[in-house]
Structure formats: structure tokens, C-alpha cells
Amino acid sequence: MDIPLEDSDEWCALLILLANLLAYLLVLGFVIVVIFLVLKISAHFIDLPSGEGEDDDEATETDPLLLQQKTASLFAYGTYVAAGASCSRSNEVDDDDGPQNDVRLCVICYDEEQNSFFVPCGHSATCLVCARRIYNEENKVCPVCRRVIGRVRKL
């Protein structure tokens with residue numbers, strides 16, 4: 001089996017090209033794995049607070065905004081009654097002033113009156129307890145417009 005010289009040169013060039021391509025892919029794969037491991041290890045150390053172990057009390061986005069002691073009041077969703085309010089006409093409409101009970105409830109807990117507002121947007125949608133809880137979070141954004149909160153003020 002005599003292979004012509006021209007065909008053997010083409011086969012050699014093709015084999016060299018495939019060997020180089022395979023070497024480049026292996027090196028690229030190795031570099032990607034090393035970068036992935038470095039990022040994973042560095043992310044683990046960056047998330048830790050300085051000088052302390054992991055903090056179990058750290059709030060996350062999936063944590064509820066309501067306090068744990070208010071869980072019993074979750075079953076009374078939206079049943080806040082203002083002091084001195086009467087239940088006899090709660091669903092009736094007053095001819096002069098509109099609804100008899102015009103108490104605006106906090107959009108977070110539905111238990112307290114809306115008695116605070118956010119600066120600079122000015123939205124008043126929460127009670128002071130929930131507003132301070134939102135302000136003390138990492139994000140500090142208004143629940144209505146998602147603008148960054150500078151301060152919380154009581155009405």
C-alpha cells in the first residue's frame with residue numbers, strides 16, 4: 001500500500017490540526033473549571049461577616065416581613081377595627097361622607113393603621129413598625145414605587 005506523498009501530507013496536516021484543536025479545548029476546559037472553583041471559593045469567603053461565623057439571624061428576601069409574635073393575628077386578615085368603631089353599620093354606606101369606616105390599613109400586616117410615610121417618594125402605605133422593618137432591610141425600597149428610601153417619618 002503505497003500512499004502518495006500529497007495525500008500523506010494532507011493527512012498529517014489534518015491530524016496536527018485536530019491535535020491542536022483538542023489541546024486547545026482541553027486547556028480551555030481546564031481554565032474554565034479553575035475559574036469556576038476560584039469564584040465559588042471566593043464567594044464563600046466574601047459572604048461571611050468580618051471576624052464572625054455565619055449569622056443565622058440574617059434576613060433574606062424569602063423571610064416574611066411580619067414578626068413571629070404576630071402569626072396568631074394572620075388568621076384575622078384585614079379585621080382591624082379602630083377604637084370606638086361600631087360593628088352595626090360596618091358594611092353600610094353613609095350618605096354624607098362615603099364609607100363609615102375609612103381606616104386605611106397597613107398593606108404589609110393589615111393590622112395597624114397607615115401612620116407613616118417614606119422620604120423622598122412620600123408614599124404612605126404602612127404602619128410605623130412595618131415601615132421601620134422595611135427601612136432596616138438591605139434593599140430599603142418603597143413597597144409602592146420601588147424607589148430607595150431615605151427616611152421613614154410618622155404621620
# chains A, B, ... in the order shown; residues from 1 in each chain; ligands from 1
call {"tool": "residues_around", "arguments": {"residues": "A:Arg151", "least_positions_apart": "3", "cutoff": "8 Å", "atoms": "only C-alpha atoms", "output": "PyMOL selection string"}}
result
chain A and resi 118-120+135
call {"tool": "write_last_selection", "arguments": {"atoms": "C-alpha atoms", "output": "compact mmCIF listing (two decimals), in the first residue's frame"}}
result
# COMPACT_ATOMS: atom_id res chain seq x y z
CA PHE A 118 -41.35 57.23 53.15
CA VAL A 119 -38.97 60.03 52.21
CA PRO A 120 -38.34 61.09 49.35
CA TYR A 135 -36.12 50.58 56.13
call {"tool": "atom_distance", "arguments": {"atom1": "atom CA of A:Arg104", "atom2": "atom CA of A:Ala125"}}
result
8.3 Å
call {"tool": "residues_around", "arguments": {"residues": "A:Arg132", "least_positions_apart": "5", "cutoff": "12 Å", "atoms": "only C-alpha atoms", "output": "PyMOL selection string"}}
result
chain A and resi 65-66+108+115-118+126-127+137+140-142+149-154
call {"tool": "write_last_selection", "arguments": {"atoms": "N, CA and C atoms", "output": "CSV table (one decimal), in the first residue's frame"}}
result
chain,number,residue,atom,x,y,z
A,65,LEU,N,-42.0,39.5,56.3
A,65,LEU,CA,-41.9,40.8,56.9
A,65,LEU,C,-42.6,40.9,58.2
A,66,LEU,N,-43.5,40.0,58.4
A,66,LEU,CA,-44.3,40.0,59.7
A,66,LEU,C,-43.4,39.5,60.8
A,108,ILE,N,-48.8,45.8,54.6
A,108,ILE,CA,-47.9,44.7,54.9
A,108,ILE,C,-48.6,43.8,55.9
A,115,ASN,N,-49.7,54.9,59.3
A,115,ASN,CA,-49.4,56.1,60.1
A,115,ASN,C,-47.9,56.5,59.9
A,116,SER,N,-47.4,56.2,58.7
A,116,SER,CA,-46.0,56.6,58.4
A,116,SER,C,-45.9,56.8,56.9
A,117,PHE,N,-44.8,57.5,56.5
A,117,PHE,CA,-44.6,57.7,55.1
A,117,PHE,C,-43.1,57.6,54.8
A,118,PHE,N,-42.7,57.4,53.5
A,118,PHE,CA,-41.3,57.2,53.1
A,118,PHE,C,-40.9,58.5,52.5
A,126,THR,N,-47.9,52.0,54.9
A,126,THR,CA,-47.6,51.0,56.0
A,126,THR,C,-47.7,51.7,57.4
A,127,CYS,N,-47.8,50.8,58.4
A,127,CYS,CA,-47.7,51.3,59.8
A,127,CYS,C,-46.2,51.6,60.1
A,137,GLU,N,-34.1,46.8,56.3
A,137,GLU,CA,-33.6,45.7,55.4
A,137,GLU,C,-32.5,46.2,54.6
A,140,LYS,N,-34.0,48.5,51.3
A,140,LYS,CA,-34.5,49.8,51.6
A,140,LYS,C,-35.3,50.5,50.4
A,141,VAL,N,-36.3,49.8,49.9
A,141,VAL,CA,-37.0,50.3,48.8
A,141,VAL,C,-38.5,50.4,49.2
A,142,CYS,N,-39.2,51.4,48.6
A,142,CYS,CA,-40.6,51.7,48.9
A,142,CYS,C,-41.4,50.5,48.3
A,149,ILE,N,-35.4,54.3,49.8
A,149,ILE,CA,-36.0,55.1,50.9
A,149,ILE,C,-34.8,55.8,51.6
A,150,GLY,N,-35.0,57.1,51.8
A,150,GLY,CA,-34.0,57.9,52.6
A,150,GLY,C,-34.3,57.9,54.1
A,151,ARG,N,-35.6,58.0,54.4
A,151,ARG,CA,-36.0,58.1,55.8
A,151,ARG,C,-37.5,57.6,55.9
A,152,VAL,N,-37.9,57.3,57.2
A,152,VAL,CA,-39.2,56.9,57.5
A,152,VAL,C,-39.7,57.9,58.5
A,153,ARG,N,-40.9,58.5,58.2
A,153,ARG,CA,-41.5,59.5,59.1
A,153,ARG,C,-42.8,59.1,59.6
A,154,LYS,N,-43.2,59.5,60.8
A,154,LYS,CA,-44.5,59.2,61.3
A,154,LYS,C,-45.5,60.3,60.9
call {"tool": "atom_distance", "arguments": {"atom1": "atom CA of A:His44", "atom2": "atom CA of A:Asn139"}}
result
21.2 Å
call {"tool": "atom_distance", "arguments": {"atom1": "atom CA of A:Phe45", "atom2": "atom CA of A:Ile134"}}
result
27.2 Å
